[in-house]
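Trainee: What follows is final_35.cif, made up of mmCIF, C-alpha atoms:
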data_my_file
#
loop_
_atom_site.label_atom_id
_atom_site.label_comp_id
_atom_site.auth_asym_id
_atom_site.auth_seq_id
_atom_site.Cartn_x
_atom_site.Cartn_y
_atom_site.Cartn_z
CA MET P 1 -1.69 15.11 172.60
CA THR P 2 -1.49 12.80 169.61
CA GLU P 3 -0.67 14.03 166.11
CA GLU P 4 -4.35 13.64 165.09
CA GLN P 5 -5.56 15.70 168.03
CA LEU P 6 -3.02 18.42 167.30
CA LEU P 7 -4.06 18.47 163.64
CA GLU P 8 -7.73 18.63 164.61
CA LYS P 9 -7.06 21.58 166.94
CA PHE P 10 -5.00 23.31 164.24
CA GLU P 11 -7.67 22.85 161.58
CA ALA P 12 -10.46 23.94 163.95
CA ARG P 13 -8.56 27.17 164.61
CA ILE P 14 -8.28 27.86 160.89
CA ARG P 15 -12.00 27.09 160.39
CA ARG P 16 -12.77 29.71 163.07
CA ASN P 17 -10.71 32.17 160.99
CA GLU P 18 -8.12 32.50 163.72
CA LYS P 19 -4.50 33.04 162.73
CA ILE P 20 -1.69 30.57 163.32
CA GLU P 21 1.28 32.15 165.08
CA PRO P 22 4.97 31.14 165.25
CA GLY P 23 5.43 28.56 167.99
CA ASP P 24 1.99 27.01 167.38
CA TRP P 25 1.95 23.36 166.38
CA MET P 26 1.58 23.04 162.60
CA PRO P 27 1.83 20.20 160.07
CA ASP P 28 5.19 20.00 158.28
CA ARG P 29 3.43 20.39 154.96
CA TYR P 30 1.92 23.67 156.17
CA ARG P 31 5.30 24.94 157.37
CA ASN P 32 7.14 23.93 154.20
CA GLY P 33 4.38 25.15 151.91
CA LEU P 34 4.50 28.54 153.59
CA ILE P 35 8.29 28.76 153.52
CA ARG P 36 8.23 28.02 149.80
CA MET P 37 5.47 30.51 149.12
CA ILE P 38 6.73 33.39 151.29
CA SER P 39 10.34 33.06 150.12
CA GLN P 40 9.24 32.98 146.47
CA HIS P 41 7.16 36.05 147.15
CA ALA P 42 10.14 37.80 148.78
CA HIS P 43 12.44 36.90 145.86
CA SER P 44 9.82 38.25 143.44
CA GLU P 45 9.81 41.61 145.22
CA VAL P 46 13.61 41.81 145.10
CA ILE P 47 13.98 40.70 141.47
CA GLY P 48 10.88 42.68 140.50
CA ALA P 49 12.71 45.86 141.46
CA LEU P 50 15.38 45.23 138.77
CA PRO P 51 13.50 45.97 135.52
CA GLU P 52 12.15 49.18 137.05
CA GLY P 53 15.40 50.14 138.77
CA THR P 54 17.09 50.01 135.37
CA TRP P 55 14.81 52.82 134.18
CA ILE P 56 15.37 55.26 137.05
CA PRO P 57 18.07 57.30 135.21
CA TYR P 58 15.81 57.67 132.16
CA ALA P 59 12.47 58.57 133.73
CA PRO P 60 10.99 61.32 131.54
CA SER P 61 10.22 63.79 134.32
CA PHE P 62 11.31 64.59 137.86
CA LYS P 63 7.99 63.49 139.35
CA ARG P 64 8.05 60.17 137.47
CA LYS P 65 11.64 59.61 138.57
CA MET P 66 10.83 60.25 142.25
CA ALA P 67 7.78 57.97 142.03
CA LEU P 68 9.85 55.22 140.41
CA ILE P 69 12.57 55.48 143.05
CA ALA P 70 9.90 55.29 145.77
CA LYS P 71 8.33 52.24 144.15
CA VAL P 72 11.66 50.43 143.81
CA GLN P 73 12.46 51.22 147.45
CA ASP P 74 9.04 49.83 148.45
CA GLU P 75 9.67 46.56 146.60
CA ILE P 76 13.00 46.02 148.34
CA GLY P 77 11.37 46.87 151.69
CA HIS P 78 8.60 44.36 150.98
CA GLY P 79 11.22 41.74 150.22
CA GLN P 80 12.83 42.35 153.62
CA MET P 81 9.48 42.16 155.45
CA LEU P 82 8.67 38.90 153.72
CA TYR P 83 12.08 37.31 154.39
CA ARG P 84 11.51 38.16 158.04
CA ALA P 85 8.02 36.58 157.98
CA ALA P 86 9.47 33.39 156.46
CA GLU P 87 12.19 33.34 159.12
CA THR P 88 9.57 32.81 161.83
CA LEU P 89 9.03 29.35 160.26
CA GLY P 90 12.61 28.26 160.85
CA ILE P 91 14.64 29.22 157.77
CA SER P 92 17.23 32.00 157.91
CA ARG P 93 17.25 35.04 155.65
CA GLU P 94 20.79 34.21 154.59
CA GLU P 95 19.69 30.75 153.46
CA MET P 96 16.96 32.29 151.32
CA ILE P 97 19.24 34.99 149.89
CA ASN P 98 21.79 32.32 148.99
CA GLN P 99 19.12 30.19 147.32
CA LEU P 100 18.25 33.19 145.17
CA LEU P 101 21.87 34.08 144.35
CA THR P 102 22.76 30.53 143.36
CA GLY P 103 19.75 30.24 141.08
CA LYS P 104 18.06 27.54 143.19
CA ALA P 105 15.05 29.70 144.09
CA ILE P 106 11.98 30.40 142.04
CA TYR P 107 10.43 33.83 141.67
CA SER P 108 7.60 35.19 139.58
CA ASN P 109 8.16 34.40 135.91
CA VAL P 110 6.86 37.79 134.87
CA PHE P 111 10.17 39.42 135.87
CA ASN P 112 12.10 37.29 133.41
CA TYR P 113 10.76 39.34 130.51
CA PRO P 114 12.51 42.48 129.25
CA ALA P 115 11.42 46.06 129.96
CA ASP P 116 12.94 47.72 126.90
CA THR P 117 10.83 50.88 126.69
CA TRP P 118 9.37 53.46 129.06
CA ALA P 119 5.92 52.13 128.15
CA ASP P 120 6.97 48.81 129.71
CA ILE P 121 7.43 50.65 132.99
CA ALA P 122 3.93 52.06 132.67
CA ILE P 123 2.43 48.65 131.81
CA ILE P 124 4.36 46.90 134.61
CA GLY P 125 3.21 49.49 137.16
CA TRP P 126 -0.39 49.21 136.07
CA LEU P 127 -0.95 45.58 135.06
CA VAL P 128 1.82 43.54 136.70
CA ASP P 129 1.22 45.36 139.98
CA GLY P 130 -2.51 45.14 139.33
CA ALA P 131 -2.26 41.36 138.97
CA ALA P 132 -0.07 41.22 142.08
CA ILE P 133 -2.71 43.14 144.04
CA VAL P 134 -5.45 40.69 142.99
CA ASN P 135 -3.25 37.96 144.47
CA GLN P 136 -2.06 39.87 147.53
CA THR P 137 -5.44 41.07 148.75
CA LYS P 138 -6.32 37.35 149.02
CA LEU P 139 -3.07 36.49 150.83
CA LEU P 140 -4.07 39.06 153.42
CA LEU P 141 -6.80 36.59 154.45
CA GLY P 142 -4.30 33.74 154.81
CA SER P 143 -4.04 31.80 158.04
CA TYR P 144 -0.43 32.53 159.01
CA GLY P 145 -0.20 35.59 161.28
CA PRO P 146 3.25 36.98 160.36
CA TYR P 147 2.55 36.63 156.61
CA SER P 148 -0.83 38.32 156.74
CA ARG P 149 0.54 41.12 158.94
CA ALA P 150 3.27 41.74 156.36
CA MET P 151 0.65 41.64 153.59
CA GLU P 152 -1.36 44.37 155.29
CA ARG P 153 1.53 46.81 155.04
CA ILE P 154 2.46 45.63 151.56
CA CYS P 155 -1.06 45.94 150.10
CA PHE P 156 -1.32 49.47 151.45
CA GLU P 157 1.83 50.49 149.58
CA GLU P 158 1.00 48.55 146.41
CA GLY P 159 -2.04 50.79 146.02
CA PHE P 160 0.31 53.64 145.11
CA HIS P 161 2.20 51.44 142.63
CA LEU P 162 -0.98 50.65 140.73
CA LYS P 163 -2.11 54.28 140.74
CA GLN P 164 1.19 55.64 139.44
CA GLY P 165 1.29 52.95 136.73
CA TYR P 166 -2.26 53.73 135.66
CA ASP P 167 -1.49 57.45 135.66
CA ASN P 168 1.58 56.77 133.54
CA VAL P 169 -0.45 54.78 130.97
CA CYS P 170 -3.13 57.53 130.92
CA HIS P 171 -0.47 60.11 130.25
CA LEU P 172 1.08 58.17 127.37
CA MET P 173 -2.29 57.24 125.85
CA GLY P 174 -3.28 60.90 125.92
CA GLY P 175 -0.05 61.83 124.12
CA THR P 176 1.16 61.55 120.55
CA GLN P 177 0.50 58.69 118.13
CA LYS P 178 4.08 57.56 118.72
CA GLN P 179 3.46 57.33 122.47
CA ARG P 180 0.22 55.39 121.95
CA ASP P 181 1.99 53.00 119.58
CA MET P 182 4.67 52.47 122.18
CA VAL P 183 2.05 51.50 124.79
CA GLN P 184 0.30 49.16 122.35
CA GLU P 185 3.58 47.49 121.40
CA SER P 186 4.45 47.01 125.06
CA PHE P 187 0.98 45.81 126.05
CA THR P 188 0.98 43.23 123.23
CA ARG P 189 4.23 41.76 124.61
CA TRP P 190 3.03 41.74 128.23
CA TRP P 191 -0.37 40.18 127.58
CA TRP P 192 0.89 36.57 127.50
CA PRO P 193 3.20 36.81 130.52
CA LEU P 194 0.21 38.37 132.36
CA MET P 195 -2.00 35.45 131.38
CA MET P 196 0.65 33.15 132.86
CA PHE P 197 1.01 35.28 136.01
CA PHE P 198 -1.41 33.26 138.14
CA GLY P 199 0.15 29.94 137.13
CA PRO P 200 -1.16 26.90 135.25
CA ARG P 201 -4.86 26.14 134.99
CA ASP P 202 -6.29 24.41 138.07
CA LYS P 203 -6.60 21.10 136.26
CA ASP P 204 -2.83 21.16 135.60
CA SER P 205 -1.76 22.64 138.92
CA VAL P 206 0.28 20.28 141.07
CA HIS P 207 -0.43 21.83 144.47
CA SER P 208 -2.82 20.04 146.72
CA SER P 209 -6.10 20.96 148.30
CA ASP P 210 -4.48 20.83 151.78
CA LEU P 211 -2.95 24.25 151.23
CA MET P 212 -6.37 25.62 150.28
CA ARG P 213 -8.04 24.05 153.32
CA TRP P 214 -5.31 25.46 155.57
CA LYS P 215 -5.76 28.89 153.98
CA VAL P 216 -2.21 29.14 152.69
CA LYS P 217 -3.76 29.66 149.28
CA ILE P 218 -7.14 31.37 149.34
CA LYS P 219 -8.19 31.33 145.70
CA SER P 220 -7.18 28.95 142.93
CA ASN P 221 -5.08 30.04 139.92
CA ASP P 222 -8.14 30.05 137.66
CA GLU P 223 -10.25 32.08 140.10
CA LEU P 224 -7.51 34.70 140.44
CA ARG P 225 -7.07 34.93 136.65
CA GLN P 226 -10.83 35.38 136.17
CA GLU P 227 -10.86 38.13 138.78
CA PHE P 228 -7.92 39.88 137.10
CA LEU P 229 -9.66 39.76 133.70
CA SER P 230 -12.90 41.11 135.15
CA SER P 231 -11.17 44.07 136.79
CA PHE P 232 -8.76 44.99 134.03
CA VAL P 233 -10.14 44.04 130.60
CA PRO P 234 -12.81 46.78 130.70
CA LYS P 235 -10.13 49.36 131.57
CA ILE P 236 -7.79 48.05 128.85
CA ARG P 237 -10.61 48.34 126.31
CA ALA P 238 -11.50 51.81 127.54
CA PHE P 239 -8.02 52.94 126.49
CA GLY P 240 -8.64 51.50 123.03
CA LEU P 241 -5.78 49.05 123.44
CA ALA P 242 -6.04 45.96 121.24
CA ILE P 243 -5.87 42.69 123.16
CA PRO P 244 -3.83 40.15 121.20
CA ASP P 245 -6.31 37.33 121.88
CA PRO P 246 -9.22 37.28 119.40
CA ASP P 247 -10.96 34.59 121.46
CA LEU P 248 -11.07 36.46 124.76
CA ARG P 249 -14.76 36.63 125.67
CA PHE P 250 -16.94 37.13 128.74
CA HIS P 251 -19.96 34.88 129.02
CA GLU P 252 -22.91 36.50 130.77
CA ASP P 253 -24.55 33.14 131.55
CA THR P 254 -21.57 31.53 133.30
CA LYS P 255 -20.00 34.85 134.37
CA GLU P 256 -16.69 33.49 133.08
CA TRP P 257 -14.00 34.55 130.68
CA THR P 258 -12.80 32.19 128.02
CA PHE P 259 -9.45 32.85 126.39
CA THR P 260 -6.64 31.36 124.36
CA ASP P 261 -4.17 29.61 126.62
CA PRO P 262 -0.75 31.17 126.78
CA ASP P 263 2.12 28.91 125.78
CA TRP P 264 2.43 26.78 128.92
CA ASP P 265 5.59 25.12 127.60
CA GLU P 266 7.15 28.56 127.61
CA PHE P 267 5.93 29.02 131.20
CA HIS P 268 7.75 25.87 132.32
CA ARG P 269 10.82 26.74 130.29
CA VAL P 270 11.07 30.19 131.93
CA ILE P 271 10.53 28.76 135.45
CA ARG P 272 13.40 26.37 134.86
CA GLY P 273 15.69 29.33 134.17
CA ASN P 274 15.50 29.58 130.40
CA GLY P 275 13.47 32.75 129.92
CA PRO P 276 14.64 35.79 127.99
CA MET P 277 15.99 37.57 131.08
CA ASN P 278 16.64 34.91 133.77
CA LYS P 279 20.43 35.05 133.48
CA GLU P 280 20.58 38.83 133.29
CA ARG P 281 18.33 39.31 136.32
CA LEU P 282 20.37 36.90 138.39
CA GLY P 283 23.64 38.40 137.14
CA VAL P 284 22.59 41.94 138.10
CA ARG P 285 21.38 40.72 141.52
CA ARG P 286 24.62 38.88 142.09
CA LEU P 287 26.65 41.91 141.07
CA ALA P 288 24.65 44.15 143.42
CA HIS P 289 25.26 41.69 146.25
CA GLU P 290 28.97 41.70 145.50
CA GLU P 291 29.11 45.49 145.25
CA GLY P 292 27.32 45.84 148.57
CA ARG P 293 29.80 43.63 150.32
CA TRP P 294 32.09 46.49 151.44
CA VAL P 295 29.09 48.15 153.12
CA ARG P 296 28.34 45.00 155.12
CA GLU P 297 32.02 44.67 156.02
CA ALA P 298 32.26 48.32 157.07
CA LEU P 299 29.22 47.97 159.34
CA GLU P 300 30.58 44.83 160.90
CA ALA P 301 33.97 46.52 161.48
CA PHE P 302 32.31 49.57 163.02
CA VAL P 303 30.31 47.48 165.45
CA ASN P 304 33.30 45.31 166.40
CA GLU P 305 35.46 48.38 166.99
CA GLY P 306 32.83 49.73 169.37
CA LYS P 307 32.91 46.46 171.27
CA SER P 308 36.69 46.38 171.67
CA ALA P 309 37.04 50.07 172.61
CA MET F 310 6.39 45.73 115.56
CA LYS F 311 8.50 48.80 115.80
CA ARG F 312 11.76 48.46 117.76
CA TYR F 313 13.47 51.30 119.53
CA SER F 314 17.20 51.83 119.26
CA PHE F 315 17.59 53.28 122.77
CA THR F 316 18.84 50.83 125.38
CA CYS F 317 18.16 51.20 129.07
CA TYR F 318 20.68 48.59 130.18
CA HIS F 319 23.47 50.53 131.83
CA GLN F 320 24.55 47.99 134.44
CA PRO F 321 27.74 46.02 133.67
CA ILE F 322 25.70 42.87 133.09
CA GLU F 323 28.70 40.94 131.77
CA GLU F 324 30.44 41.35 135.12
CA GLY F 325 27.37 39.97 136.89
CA LEU F 326 27.08 37.04 134.50
CA ALA F 327 30.72 36.16 135.16
CA LEU F 328 29.89 35.80 138.88
CA LEU F 329 27.07 33.30 138.30
CA GLY F 330 27.92 29.82 139.46
CA GLY F 331 30.98 31.11 141.31
CA PRO F 332 31.42 30.90 145.08
CA LEU F 333 29.16 33.08 147.22
CA PRO F 334 30.64 35.79 149.43
CA ASP F 335 31.32 34.81 153.04
CA HIS F 336 28.30 34.58 155.23
CA ASP F 337 27.75 38.19 156.10
CA THR F 338 24.04 38.95 155.90
CA GLN F 339 22.60 37.15 158.90
CA TRP F 340 22.71 39.88 161.52
CA PRO F 341 20.77 39.84 164.79
CA GLU F 342 17.06 40.63 164.60
CA TRP F 343 15.57 43.75 166.15
CA GLU F 344 11.89 44.29 166.83
CA VAL F 345 10.58 47.64 165.67
CA PHE F 346 8.04 49.68 167.65
CA ILE F 347 6.41 52.77 166.20
CA GLN F 348 4.78 55.57 168.13
CA GLU F 349 2.49 57.25 165.62
CA ARG F 350 1.73 60.34 167.67
CA ARG F 351 2.76 61.83 170.98
CA GLY F 352 0.64 60.33 173.72
CA GLY F 353 0.11 57.05 171.83
CA SER F 354 1.60 53.64 172.61
CA HIS F 355 4.60 52.19 170.81
CA ILE F 356 3.30 49.35 168.64
CA ASN F 357 5.31 46.48 167.19
CA VAL F 358 5.24 46.59 163.39
CA GLY F 359 7.87 44.04 162.41
CA ALA F 360 11.60 43.47 162.64
CA VAL F 361 14.86 44.26 160.87
CA HIS F 362 18.30 42.64 160.73
CA ALA F 363 21.20 44.85 161.79
CA PRO F 364 24.66 44.50 163.33
CA ASP F 365 23.74 46.94 166.13
CA GLY F 366 20.89 49.02 167.52
CA GLU F 367 21.98 52.24 165.85
CA MET F 368 21.92 50.64 162.41
CA ALA F 369 18.65 48.91 163.28
CA LEU F 370 17.07 52.33 163.92
CA ILE F 371 18.16 53.56 160.49
CA LEU F 372 16.85 50.44 158.75
CA ALA F 373 13.60 50.55 160.75
CA LYS F 374 13.05 54.15 159.68
CA GLU F 375 13.58 53.20 156.01
CA THR F 376 11.49 50.04 156.18
CA PHE F 377 8.51 51.07 158.29
CA THR F 378 8.05 54.83 158.23
CA ARG F 379 7.96 55.62 154.52
CA ARG F 380 4.19 56.21 154.73
CA GLN F 381 3.03 55.67 158.27
CA PRO F 382 3.18 58.68 160.60
CA CYS F 383 5.81 58.32 163.30
CA VAL F 384 7.19 60.56 166.02
CA ASN F 385 9.36 58.01 167.81
CA LEU F 386 10.93 54.61 167.14
CA TRP F 387 11.96 51.90 169.59
CA ILE F 388 14.26 49.03 168.77
CA VAL F 389 14.50 45.93 170.96
CA ASN F 390 16.79 42.99 170.34
CA THR F 391 14.43 40.09 169.54
CA GLN F 392 16.50 37.85 171.81
CA ASP F 393 15.65 40.07 174.79
CA ILE F 394 11.90 39.51 174.56
CA HIS F 395 10.33 37.18 177.09
CA SER F 396 7.05 35.78 175.91
CA THR F 397 4.33 33.41 177.05
CA ARG F 398 3.63 30.42 174.85
CA TYR F 399 0.51 30.22 172.72
CA GLU F 400 -0.10 26.71 174.01
CA ASP F 401 -0.54 28.24 177.48
CA GLU F 402 -3.26 30.63 176.30
CA ALA F 403 -5.57 29.17 178.93
CA ILE F 404 -3.80 31.10 181.67
CA PHE F 405 -5.53 34.23 180.41
CA GLN F 406 -9.02 32.78 180.75
CA SER F 407 -10.92 33.23 184.00
CA THR F 408 -12.18 30.13 185.67
CA PHE F 409 -15.02 31.85 187.50
CA ASP F 410 -17.22 34.88 187.24
CA ARG F 411 -15.10 37.98 187.49
CA SER F 412 -17.73 40.51 186.54
CA TYR F 413 -16.98 42.35 189.79
CA ARG F 414 -13.82 43.61 188.06
CA ASN F 415 -15.87 45.48 185.48
CA THR F 416 -18.19 48.44 185.61
CA THR F 417 -20.90 46.25 184.06
CA GLY F 418 -20.67 43.98 187.09
CA PHE F 419 -22.56 46.50 189.23
CA LYS F 420 -26.28 47.20 188.91
CA LEU F 421 -27.25 50.61 190.14
CA GLU F 422 -29.62 50.38 193.09
CA LYS F 423 -31.96 53.16 194.13
CA PRO F 424 -30.19 55.32 196.72
CA VAL F 425 -31.02 54.20 200.24
CA GLN F 426 -33.42 56.58 201.94
CA ALA F 427 -32.34 57.65 205.36
CA THR F 428 -35.07 56.82 207.81
CA GLU F 429 -35.67 58.59 211.04
CA VAL F 430 -34.96 56.42 214.07
CA SER F 431 -36.81 57.61 217.10
#
Mind turning the file's structure into structure tokens?
Mentor:
Amino acid sequence: MTEEQLLEKFEARIRRNEKIEPGDWMPDRYRNGLIRMISQHAHSEVIGALPEGTWIPYAPSFKRKMALIAKVQDEIGHGQMLYRAAETLGISREEMINQLLTGKAIYSNVFNYPADTWADIAIIGWLVDGAAIVNQTKLLLGSYGPYSRAMERICFEEGFHLKQGYDNVCHLMGGTQKQRDMVQESFTRWWWPLMMFFGPRDKDSVHSSDLMRWKVKIKSNDELRQEFLSSFVPKIRAFGLAIPDPDLRFHEDTKEWTFTDPDWDEFHRVIRGNGPMNKERLGVRRLAHEEGRWVREALEAFVNEGKSA
Amino acid sequence: MKRYSFTCYHQPIEEGLALLGGPLPDHDTQWPEWEVFIQERRGGSHINVGAVHAPDGEMALILAKETFTRRQPCVNLWIVNTQDIHSTRYEDEAIFQSTFDRSYRNTTGFKLEKPVQATEVS
């Protein structure tokens, strides 16, 4: 078959909503686009566990501590599932891990902001995970079999993350004035990183329509951001939290939100490694990798000993 | 805005920062892959749910338990080295399609006739 015929067959399969499986013919741009996307997603899960992991010793109750440990364990598990899904496209997990450790990889910008208070943990669990779910429930519909299978398991578990975050915010907002102030202070800081979460506006987004047609991306950045605002702004307002954007407005006629753009220069600065926490996140990850080395060596030694005995 | 004096950062971040840009540890994370099969309840089939990396099957079982059974019910786990799986190729899918009517293999392929009446032969 010629390249054109193969492409036609591939695209017809996607139009029929059938999944592409490892071993199927696929365009290089599809393969590379997926590798980039899945590995970035995996790195985001792994780095995303750091701000929350930091808070485990200080969780304010036993139940909150257990929930936080469970959530952090989930994120690391999701990272492993995603690395494995990316591997089916011809890159090794080690290659991806090394890209992350050497600072060559990109992960979600949102994790390069500090989580200085317990309220940050509540806001991250509710709104950062909430934004991630808006994105991930779409990825579930993507065309690549191993990725969407992994997303099925991940979405199921993310449901708990959102619920425990929401419950945490409820608890704090029902508490003392000091607790409410703490949530407001945290929310005000997270608003702009959340507005950047789905990436630049469509008109400034560099990625092509091929990836949309091939169902690697299902919804555009702007569509996802609109969906996030529609689901969460009413809940944010119901808490009485003040949104730091006086121009945020829903228009009944167009069914669209208009808002003040976040600082997109900041977005690009943080992606290039110059955010408030990029170095720290990478440093902690690198340290954890180094500190885990003896475990990997011990396992290897144990297995080799079994072989020689 | 009010700042809080408490700090949550207990990791030795300086030590981590000192490692950045330095050489990476030896290649030691690319272990063999193991397919994971979960049996949700006795009497059910073992179903493939994903894979883990592990130096041996015993470790693979531990990792599979941690990765795949945190929520899902499970009474039994199987681990199979991914290398040991023989598989057909998707491009040969056609071998599973019948080329002619095979309805006789299915219950729907048989229309019930009225029972034959025995007739007296004189």
Trainee: With distances taken over all atoms listed in the file, which residue among P:Gln184, P:Ser205, P:Asn112, P:Gln40 lies nearest Leu100 (chain P)?
Mentor: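 Closest candidate: P:Gln40.
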Trainee: Evaluate the PyMOL selection byres ((chain P and resi 273) around 12) and record the selected residues as a list in words, following the chain and residue labels used in the document.
Mentor: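 For this structure, the PyMOL selection byres ((chain P and resi 273) around 12) captures Leu100, Thr102, Gly103, Lys104, Ala105, Ile106, Tyr107, Ser108, Asn109, Phe111, Asn112, Tyr113, Glu266, Phe267, His268, Arg269, Val270, Ile271, Arg272, Asn274, Gly275, Pro276, Met277, Asn278, Lys279, Glu280, Arg281 and Leu282 of chain P.
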Trainee: Mind pulling up the distance from CA of Gly165 (chain P) to CA of Arg286 (chain P)?
Mentor: 27.8 Å
Trainee: Up to 9 Å from (6.8, 36.3, 160.0) in the file's coordinates: name the residues, counting only C-alpha atoms, as number ranges by chain.
Mentor: P: 21-22, 81-89, 144-150; F: 359
Trainee: Could you please select, counting all atoms listed in the file, the residues of chain P within 9 Å of chain F and state them as a VMD selection string?
Mentor: chain P and resid 21 to 25 54 to 55 57 to 58 70 73 to 74 76 to 78 80 to 81 84 to 85 92 to 95 97 to 98 101 to 103 115 to 117 146 149 to 150 153 157 181 to 182 185 279 to 290 293 296 to 297 299 to 300 303
Trainee: Output the residue selection produced by the PyMOL selection byres ((chain P and resi 179) around 12) on the file above, formatted as a PyMOL selection string.
Mentor: (chain P and resi 117-120+122+168-178+180-186) or (chain F and resi 311)
Trainee: Within 12 Å of (-4.7, 36.8, 156.4) (coordinates as in the file), grab all the protein and nucleic acid residues, counting only C-alpha atoms, and write them out as number ranges by chain.
Mentor: P: 14, 17-21, 136-153, 155, 214-218
Trainee: Point out the residue among P:Asn221, P:His41, P:Phe302, P:Leu50 with the least atom-to-atom distance to Asp204 (chain P), counting all atoms listed in the file.
Mentor: P:Asn221
Trainee: For the atom pair CA of Leu224 (chain P) and CA of Lys71 (chain P), what is the interatomic distance in Å to one decimal place?
Mentor: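 Those two atoms sit 23.9 Å apart.
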Trainee: Name the residues captured by the PyMOL selection byres ((chain F and resi 350) around 9) when it is applied to the shown file; answer as a list of chain:residue names.
Mentor: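 So the PyMOL selection byres ((chain F and resi 350) around 9) ends up selecting F:Gln348, F:Glu349, F:Arg351, F:Gly352, F:Gly353, F:Ser354, F:Pro382, F:Cys383, F:Val384, F:Asn385.
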Trainee: Can you work out the spacing between CA of Phe259 (chain P) and CA of Arg189 (chain P) in Å, to one decimal?
Mentor: 16.4 Å
Trainee: Output as lines of an AutoDock Vina configuration file the centre and edge lengths (Å, one decimal) of the box along x, y and z of the file that holds every listed atom of region 405-409 of chain F after adding 3 Å on each side.
Mentor:
center_x = -10.3
center_y = 32.2
center_z = 184.0
size_x = 15.5
size_y = 10.1
size_z = 13.1
Trainee: So which one's closest to Trp343 (chain F), F:Ser396, F:Thr428, F:Asn357, F:Asn390? Using all atoms listed in the file, please.
Mentor: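 Closest to Trp343 (chain F) of all the choices is F:Asn390.
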Trainee: Which is closer to Leu386 (chain F) than all the others in F:Glu344, F:Glu422, F:Asp410, F:Glu429, using all atoms listed in the file?
Mentor: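 Distance minimum relative to Leu386 (chain F) lands on F:Glu344.
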